[in-house]
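Q: One structure follows; several queries about it will come next.
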Amino acid sequence: MKELNVLINNARLEKRLDEMAKEIEKDYKGKEIVFIGILKGSVPFMWELAKRIKNNIIFEFIEVSSYINNESSGKVILHKDIKSSIEGKDVIIVEDIVDTGKTLDFLLKHLEEKNAKSVKIATLLSKPSRRVIELNVDYIGFKIDDKYVVGFGLDDNQNLRNLPYIGYYE
Ligand code: IMP
């Protein structure tokens with residue numbers, strides 16, 4: 001059996017979520033925000049962040065995949081697009097982790113033609129050393145080393161998404 005270690009415990013996650021929510025509230029000052037969550041990994045992060053923010057938040061979801069058997073295939077496939085118009089709206093794309101940057105690069109291009117007023121990115125985790133495409137990520141929870149992590153939405157072949165902390169295998 002592989003042993004699972006704790007990288008970021010729940011208390012640290014909660015503290016950082018409080019800080020990120022405050023930052024977003026300050027930047028958007030009472031404006032409505034559309035959160036576009038990238039399925040499936042962003043779901044816990046999106047909810048935990050949204051419930052801490054007083055602004056009205058519209059939930060949209062988009063589904064893409066690029067990882068096959070815990071390895072980045074480098075090719076991003078769109079499985080499900082957003083349903084409503086985001087024209088003229090302030091959008092935050094909500095992601096679980098930015099790794100190579102290919103998923104977000106693809107999504108930024110995909111959303112461009114939908115004419116939002118603004119598009120920012122919030123991610124719980126970022127692995128800067130793995131970046132292939134440089135992106136401006138507006139809100140980052142934690143920068144981490146090049147480790148495969150699970151929990152808080154992140155999966156190991158669809159498992160362990162419900163862990164209340166971020167874990168990794170040595
Ligand atoms: P990117 O396109 O390489 O930036 O990859 C982003 C996607 O890869 C994320 O949304 C995750 O689904 C997946 N991913 C990257 N690193 C990890 C990891 O350490 N654990 C779980 N999923 C990961």
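Labeling convention for the structure tokens: chains A, B, ... as they appear, residues from 1 per chain, ligands from 1 in order of appearance.
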Kindly provide the residues of chain A that approach ligand 1 to within 8 Å, each paired with its closest atom pair and their distance in Å to one decimal, based on only C-alpha atoms and all ligand atoms, listed by chain and increasing number, as a tab-separated table.
A:
residue	atom	partner	partner_atom_place_in_ligand_line	distance
A:Ile38	CA	ligand 1	10 (O)	7.1
A:Lys40	CA	ligand 1	12 (O)	7.7
A:Gly41	CA	ligand 1	12 (O)	6.0
A:Ser42	CA	ligand 1	10 (O)	7.6
A:Ser65	CA	ligand 1	12 (O)	7.0
A:Ser66	CA	ligand 1	2 (O)	6.4
A:Tyr67	CA	ligand 1	8 (O)	5.7
A:Asn70	CA	ligand 1	22 (N)	6.8
A:Glu71	CA	ligand 1	15 (C)	8.0
A:Ser72	CA	ligand 1	3 (O)	6.0
A:Gly74	CA	ligand 1	3 (O)	7.0
A:Val76	CA	ligand 1	2 (O)	7.3
A:Glu95	CA	ligand 1	10 (O)	6.1
A:Asp96	CA	ligand 1	10 (O)	5.6
A:Ile97	CA	ligand 1	9 (C)	5.0
A:Val98	CA	ligand 1	4 (O)	4.1
A:Asp99	CA	ligand 1	4 (O)	3.5
A:Thr100	CA	ligand 1	3 (O)	3.5
A:Gly101	CA	ligand 1	4 (O)	3.6
A:Lys102	CA	ligand 1	2 (O)	3.9
A:Thr103	CA	ligand 1	2 (O)	3.6
A:Leu104	CA	ligand 1	2 (O)	6.3
A:Asp105	CA	ligand 1	2 (O)	7.9
A:Lys127	CA	ligand 1	16 (N)	7.7
A:Arg130	CA	ligand 1	3 (O)	7.8
A:Arg131	CA	ligand 1	4 (O)	7.3
A:Asp146	CA	ligand 1	19 (O)	7.7
A:Lys147	CA	ligand 1	19 (O)	5.9
A:Tyr148	CA	ligand 1	19 (O)	3.4
A:Val149	CA	ligand 1	19 (O)	4.0
A:Val150	CA	ligand 1	20 (N)	5.3
A:Leu154	CA	ligand 1	21 (C)	4.6
A:Asp155	CA	ligand 1	21 (C)	5.1
A:Asp156	CA	ligand 1	21 (C)	6.4
Q: Tell me which protein, DNA and RNA residues are within 12 Å of stretch 47-54 of chain A, counting only C-alpha atoms, leaving out same-chain ones fewer than 5 positions away, and put them as number ranges by chain.
A: A: 10, 13-37, 41-42, 59-60, 92, 94-96, 122-124, 139, 141, 152-153, 164
Q: Take the selection from the previous step and output its residues with C-alpha atoms, as a PDB file, in the first residue's frame.
A:
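part.pdb, written as the output of this step:
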ATOM      1  CA  ASN A  10      -7.597  21.411   6.836  1.00  0.00           C
ATOM      2  CA  LEU A  13      -6.765  25.372   3.941  1.00  0.00           C
ATOM      3  CA  GLU A  14      -9.531  27.114   5.875  1.00  0.00           C
ATOM      4  CA  LYS A  15      -7.270  29.997   6.897  1.00  0.00           C
ATOM      5  CA  ARG A  16      -6.098  30.543   3.325  1.00  0.00           C
ATOM      6  CA  LEU A  17      -9.675  30.311   1.990  1.00  0.00           C
ATOM      7  CA  ASP A  18     -10.683  33.102   4.401  1.00  0.00           C
ATOM      8  CA  GLU A  19      -7.821  35.264   3.078  1.00  0.00           C
ATOM      9  CA  MET A  20      -8.615  34.574  -0.593  1.00  0.00           C
ATOM     10  CA  ALA A  21     -12.302  35.378  -0.045  1.00  0.00           C
ATOM     11  CA  LYS A  22     -11.398  38.708   1.558  1.00  0.00           C
ATOM     12  CA  GLU A  23      -9.086  39.569  -1.349  1.00  0.00           C
ATOM     13  CA  ILE A  24     -11.838  38.801  -3.903  1.00  0.00           C
ATOM     14  CA  GLU A  25     -14.441  40.809  -1.958  1.00  0.00           C
ATOM     15  CA  LYS A  26     -12.057  43.760  -1.908  1.00  0.00           C
ATOM     16  CA  ASP A  27     -11.349  43.521  -5.651  1.00  0.00           C
ATOM     17  CA  TYR A  28     -15.005  43.169  -6.693  1.00  0.00           C
ATOM     18  CA  LYS A  29     -16.620  45.536  -4.115  1.00  0.00           C
ATOM     19  CA  GLY A  30     -20.221  44.267  -4.108  1.00  0.00           C
ATOM     20  CA  LYS A  31     -20.296  43.399  -7.829  1.00  0.00           C
ATOM     21  CA  GLU A  32     -21.896  40.201  -9.080  1.00  0.00           C
ATOM     22  CA  ILE A  33     -19.314  37.570 -10.035  1.00  0.00           C
ATOM     23  CA  VAL A  34     -19.700  34.514 -12.248  1.00  0.00           C
ATOM     24  CA  PHE A  35     -17.644  31.584 -10.959  1.00  0.00           C
ATOM     25  CA  ILE A  36     -16.857  29.078 -13.709  1.00  0.00           C
ATOM     26  CA  GLY A  37     -15.740  25.906 -11.977  1.00  0.00           C
ATOM     27  CA  GLY A  41     -11.753  18.960  -9.184  1.00  0.00           C
ATOM     28  CA  SER A  42     -12.776  22.555  -8.461  1.00  0.00           C
ATOM     29  CA  PHE A  59     -22.284  29.253 -10.502  1.00  0.00           C
ATOM     30  CA  GLU A  60     -21.372  27.881 -13.922  1.00  0.00           C
ATOM     31  CA  ILE A  92     -13.535  34.117 -12.253  1.00  0.00           C
ATOM     32  CA  VAL A  94     -12.070  28.451 -10.520  1.00  0.00           C
ATOM     33  CA  GLU A  95      -9.493  25.670 -10.781  1.00  0.00           C
ATOM     34  CA  ASP A  96      -8.164  23.068  -8.325  1.00  0.00           C
ATOM     35  CA  ALA A 122      -8.487  31.549  -8.953  1.00  0.00           C
ATOM     36  CA  THR A 123      -6.710  28.306  -8.145  1.00  0.00           C
ATOM     37  CA  LEU A 124      -6.327  26.468  -4.880  1.00  0.00           C
ATOM     38  CA  TYR A 139      -5.549  34.264  -6.941  1.00  0.00           C
ATOM     39  CA  GLY A 141      -4.044  29.464  -2.584  1.00  0.00           C
ATOM     40  CA  PHE A 152     -10.072  18.673  -1.559  1.00  0.00           C
ATOM     41  CA  GLY A 153     -11.319  17.861  -5.070  1.00  0.00           C
ATOM     42  CA  PRO A 164     -10.667  17.334   3.728  1.00  0.00           C
TER      43      PRO A 164
END
Q: Quick one, how far is atom CA of A:Ile77 from atom CA of A:Ile133?
A: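 Interatomic distance here is 16.9 Å.
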Q: Please, which residues of stretch 4-114 of chain A, numbered as in this document, come out strand (DSSP E or B) from DSSP, as a ChimeraX atom specification?
A: /A:4-8,33-39,57-68,71-80,90-98
Q: Measuring atom to atom with only C-alpha atoms, identify which of A:Lys117, A:Lys80, A:Leu125, A:Asn136 is nearest to A:Phe45.
A: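 Among the listed residues, A:Leu125 lies closest to A:Phe45.
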Q: Give me the residues near A:Glu3 as JSON, numbers by chain, where near means some atom within 10 Å (using only C-alpha atoms) and where sequence neighbours in that chain fewer than 2 positions away do not count.
A: {"A": [1, 5, 167, 168, 169, 170]}
Q: Mind writing the picked residues with all heavy atoms as an mmCIF file, in the first residue's frame?
A:
data_model
loop_
_atom_site.group_PDB
_atom_site.id
_atom_site.type_symbol
_atom_site.label_atom_id
_atom_site.label_comp_id
_atom_site.auth_asym_id
_atom_site.auth_seq_id
_atom_site.Cartn_x
_atom_site.Cartn_y
_atom_site.Cartn_z
ATOM 1 N N MET A 1 0.847 -1.208 0.000
ATOM 2 C CA MET A 1 0.000 0.000 0.000
ATOM 3 C C MET A 1 0.880 1.255 0.000
ATOM 4 O O MET A 1 1.806 1.354 0.800
ATOM 5 C CB MET A 1 -0.853 0.034 1.277
ATOM 6 C CG MET A 1 -2.272 -0.487 1.127
ATOM 7 S SD MET A 1 -3.368 0.533 0.145
ATOM 8 C CE MET A 1 -4.138 1.562 1.381
ATOM 9 N N ASN A 5 0.660 11.045 2.722
ATOM 10 C CA ASN A 5 1.135 12.055 3.691
ATOM 11 C C ASN A 5 0.291 13.319 3.573
ATOM 12 O O ASN A 5 -0.273 13.593 2.515
ATOM 13 C CB ASN A 5 2.585 12.442 3.370
ATOM 14 C CG ASN A 5 3.497 11.250 3.371
ATOM 15 O OD1 ASN A 5 3.795 10.705 4.412
ATOM 16 N ND2 ASN A 5 3.910 10.820 2.186
ATOM 17 N N GLY A 167 -3.214 15.786 0.326
ATOM 18 C CA GLY A 167 -2.245 14.753 0.637
ATOM 19 C C GLY A 167 -1.370 14.426 -0.573
ATOM 20 O O GLY A 167 -1.666 14.851 -1.695
ATOM 21 N N TYR A 168 -0.289 13.700 -0.330
ATOM 22 C CA TYR A 168 0.577 13.275 -1.437
ATOM 23 C C TYR A 168 1.218 11.930 -1.092
ATOM 24 O O TYR A 168 1.348 11.590 0.095
ATOM 25 C CB TYR A 168 1.674 14.315 -1.720
ATOM 26 C CG TYR A 168 2.712 14.412 -0.638
ATOM 27 C CD1 TYR A 168 3.958 13.771 -0.753
ATOM 28 C CD2 TYR A 168 2.449 15.126 0.531
ATOM 29 C CE1 TYR A 168 4.899 13.855 0.262
ATOM 30 C CE2 TYR A 168 3.384 15.214 1.547
ATOM 31 C CZ TYR A 168 4.604 14.583 1.400
ATOM 32 O OH TYR A 168 5.528 14.644 2.412
ATOM 33 N N TYR A 169 1.604 11.222 -2.117
ATOM 34 C CA TYR A 169 2.314 9.955 -1.937
ATOM 35 C C TYR A 169 3.801 10.215 -2.062
ATOM 36 O O TYR A 169 4.236 10.931 -2.962
ATOM 37 C CB TYR A 169 1.915 8.936 -2.998
ATOM 38 C CG TYR A 169 0.480 8.487 -2.896
ATOM 39 C CD1 TYR A 169 -0.452 8.868 -3.858
ATOM 40 C CD2 TYR A 169 0.072 7.683 -1.837
ATOM 41 C CE1 TYR A 169 -1.767 8.470 -3.758
ATOM 42 C CE2 TYR A 169 -1.246 7.278 -1.749
ATOM 43 C CZ TYR A 169 -2.156 7.684 -2.704
ATOM 44 O OH TYR A 169 -3.450 7.286 -2.611
ATOM 45 N N GLU A 170 4.589 9.656 -1.152
ATOM 46 C CA GLU A 170 6.053 9.859 -1.207
ATOM 47 C C GLU A 170 6.636 9.124 -2.400
ATOM 48 O O GLU A 170 6.195 8.036 -2.723
ATOM 49 C CB GLU A 170 6.694 9.332 0.089
ATOM 50 C CG GLU A 170 8.050 9.932 0.391
ATOM 51 C CD GLU A 170 8.066 11.466 0.433
ATOM 52 O OE1 GLU A 170 7.766 12.040 1.486
ATOM 53 O OE2 GLU A 170 8.369 12.065 -0.598
#
Q: Just asking: which residues within chain A are alpha helix (DSSP H) according to DSSP, as a ChimeraX atom specification?
A: /A:10-28,43-50,102-112
Q: Could you write out the selected residues, including N, CA, C and O atoms, as a compact mmCIF listing (two decimals), in the first residue's frame?
A:
# COMPACT_ATOMS: atom_id res chain seq x y z
N ASN A 10 -6.34 20.69 7.01
CA ASN A 10 -7.60 21.41 6.84
C ASN A 10 -7.57 22.80 7.46
O ASN A 10 -8.13 23.76 6.90
N ALA A 11 -6.90 22.94 8.59
CA ALA A 11 -6.85 24.26 9.26
C ALA A 11 -6.14 25.28 8.37
O ALA A 11 -6.58 26.43 8.23
N ARG A 12 -5.04 24.85 7.74
CA ARG A 12 -4.32 25.77 6.83
C ARG A 12 -5.17 26.11 5.61
O ARG A 12 -5.17 27.25 5.13
N LEU A 13 -5.89 25.12 5.10
CA LEU A 13 -6.76 25.37 3.94
C LEU A 13 -7.83 26.40 4.30
O LEU A 13 -8.06 27.37 3.56
N GLU A 14 -8.45 26.21 5.46
CA GLU A 14 -9.53 27.11 5.88
C GLU A 14 -9.03 28.55 6.06
O GLU A 14 -9.68 29.50 5.66
N LYS A 15 -7.84 28.67 6.66
CA LYS A 15 -7.27 30.00 6.90
C LYS A 15 -7.01 30.70 5.56
O LYS A 15 -7.33 31.87 5.38
N ARG A 16 -6.43 29.95 4.63
CA ARG A 16 -6.10 30.54 3.33
C ARG A 16 -7.37 30.88 2.53
O ARG A 16 -7.42 31.89 1.82
N LEU A 17 -8.40 30.04 2.66
CA LEU A 17 -9.67 30.31 1.99
C LEU A 17 -10.27 31.62 2.50
O LEU A 17 -10.80 32.42 1.73
N ASP A 18 -10.19 31.84 3.82
CA ASP A 18 -10.68 33.10 4.40
C ASP A 18 -9.95 34.29 3.77
O ASP A 18 -10.56 35.29 3.39
N GLU A 19 -8.62 34.16 3.64
CA GLU A 19 -7.82 35.26 3.08
C GLU A 19 -8.18 35.51 1.61
O GLU A 19 -8.33 36.66 1.18
N MET A 20 -8.30 34.43 0.84
CA MET A 20 -8.62 34.57 -0.59
C MET A 20 -9.98 35.23 -0.78
O MET A 20 -10.16 36.07 -1.65
N ALA A 21 -10.94 34.82 0.05
CA ALA A 21 -12.30 35.38 -0.05
C ALA A 21 -12.27 36.88 0.22
O ALA A 21 -12.91 37.66 -0.50
N LYS A 22 -11.50 37.27 1.22
CA LYS A 22 -11.40 38.71 1.56
C LYS A 22 -10.81 39.49 0.39
O LYS A 22 -11.26 40.58 0.06
N GLU A 23 -9.77 38.93 -0.20
CA GLU A 23 -9.09 39.57 -1.35
C GLU A 23 -10.08 39.77 -2.51
O GLU A 23 -10.14 40.84 -3.12
N ILE A 24 -10.88 38.73 -2.79
CA ILE A 24 -11.84 38.80 -3.90
C ILE A 24 -12.93 39.83 -3.58
O ILE A 24 -13.29 40.65 -4.43
N GLU A 25 -13.42 39.82 -2.36
CA GLU A 25 -14.44 40.81 -1.96
C GLU A 25 -13.93 42.23 -2.15
O GLU A 25 -14.64 43.10 -2.63
N LYS A 26 -12.67 42.43 -1.79
CA LYS A 26 -12.06 43.76 -1.91
C LYS A 26 -11.94 44.17 -3.39
O LYS A 26 -12.24 45.30 -3.76
N ASP A 27 -11.54 43.22 -4.23
CA ASP A 27 -11.35 43.52 -5.65
C ASP A 27 -12.66 43.75 -6.39
O ASP A 27 -12.71 44.48 -7.37
N TYR A 28 -13.74 43.10 -5.95
CA TYR A 28 -15.01 43.17 -6.69
C TYR A 28 -16.05 44.06 -6.02
O TYR A 28 -17.13 44.25 -6.60
N VAL A 43 -14.82 21.60 -7.48
CA VAL A 43 -16.10 21.70 -6.75
C VAL A 43 -15.94 22.05 -5.27
O VAL A 43 -16.54 23.02 -4.80
N PRO A 44 -15.13 21.32 -4.48
CA PRO A 44 -15.02 21.69 -3.06
C PRO A 44 -14.41 23.08 -2.87
O PRO A 44 -14.90 23.86 -2.05
N PHE A 45 -13.40 23.41 -3.64
CA PHE A 45 -12.74 24.72 -3.53
C PHE A 45 -13.74 25.82 -3.89
O PHE A 45 -13.84 26.84 -3.19
N MET A 46 -14.48 25.63 -4.97
CA MET A 46 -15.44 26.65 -5.42
C MET A 46 -16.47 26.93 -4.33
O MET A 46 -16.75 28.09 -4.02
N TRP A 47 -17.00 25.88 -3.74
CA TRP A 47 -18.02 26.07 -2.71
C TRP A 47 -17.40 26.71 -1.46
O TRP A 47 -17.95 27.66 -0.90
N GLU A 48 -16.27 26.22 -1.03
CA GLU A 48 -15.64 26.74 0.19
C GLU A 48 -15.25 28.21 0.04
O GLU A 48 -15.31 28.98 0.99
N LEU A 49 -14.86 28.60 -1.18
CA LEU A 49 -14.51 29.99 -1.44
C LEU A 49 -15.79 30.84 -1.52
O LEU A 49 -15.90 31.88 -0.87
N ALA A 50 -16.75 30.36 -2.29
CA ALA A 50 -17.98 31.14 -2.53
C ALA A 50 -18.73 31.41 -1.24
O ALA A 50 -19.26 32.51 -1.05
N LYS A 102 -1.80 24.27 -19.50
CA LYS A 102 -2.47 24.03 -20.79
C LYS A 102 -3.99 24.11 -20.68
O LYS A 102 -4.66 24.61 -21.58
N THR A 103 -4.54 23.61 -19.57
CA THR A 103 -6.01 23.63 -19.41
C THR A 103 -6.50 25.08 -19.39
O THR A 103 -7.45 25.43 -20.09
N LEU A 104 -5.86 25.92 -18.58
CA LEU A 104 -6.32 27.30 -18.48
C LEU A 104 -6.05 28.09 -19.75
O LEU A 104 -6.86 28.93 -20.13
N ASP A 105 -4.96 27.81 -20.42
CA ASP A 105 -4.67 28.48 -21.68
C ASP A 105 -5.80 28.16 -22.68
O ASP A 105 -6.33 29.05 -23.34
N PHE A 106 -6.17 26.89 -22.73
CA PHE A 106 -7.26 26.45 -23.61
C PHE A 106 -8.56 27.16 -23.24
O PHE A 106 -9.27 27.68 -24.09
N LEU A 107 -8.87 27.19 -21.92
CA LEU A 107 -10.14 27.78 -21.49
C LEU A 107 -10.20 29.29 -21.69
O LEU A 107 -11.24 29.83 -22.05
N LEU A 108 -9.08 29.97 -21.46
CA LEU A 108 -9.06 31.42 -21.68
C LEU A 108 -9.37 31.72 -23.15
O LEU A 108 -10.17 32.62 -23.45
N LYS A 109 -8.79 30.93 -24.05
CA LYS A 109 -9.05 31.13 -25.49
C LYS A 109 -10.51 30.79 -25.80
O LYS A 109 -11.17 31.49 -26.56
N HIS A 110 -10.99 29.70 -25.22
CA HIS A 110 -12.37 29.27 -25.46
C HIS A 110 -13.37 30.33 -24.99
O HIS A 110 -14.39 30.58 -25.64
N LEU A 111 -13.11 30.95 -23.83
CA LEU A 111 -14.06 31.91 -23.26
C LEU A 111 -13.97 33.29 -23.90
O LEU A 111 -14.88 34.09 -23.79
N GLU A 112 -12.85 33.55 -24.58
CA GLU A 112 -12.62 34.88 -25.19
C GLU A 112 -13.78 35.32 -26.07
O GLU A 112 -14.27 36.45 -25.96
Q: Counting only C-alpha atoms, which residue out of A:Leu163, A:Val91, A:Val64, A:Ile121 sits closest to A:Leu135?
A: A:Ile121
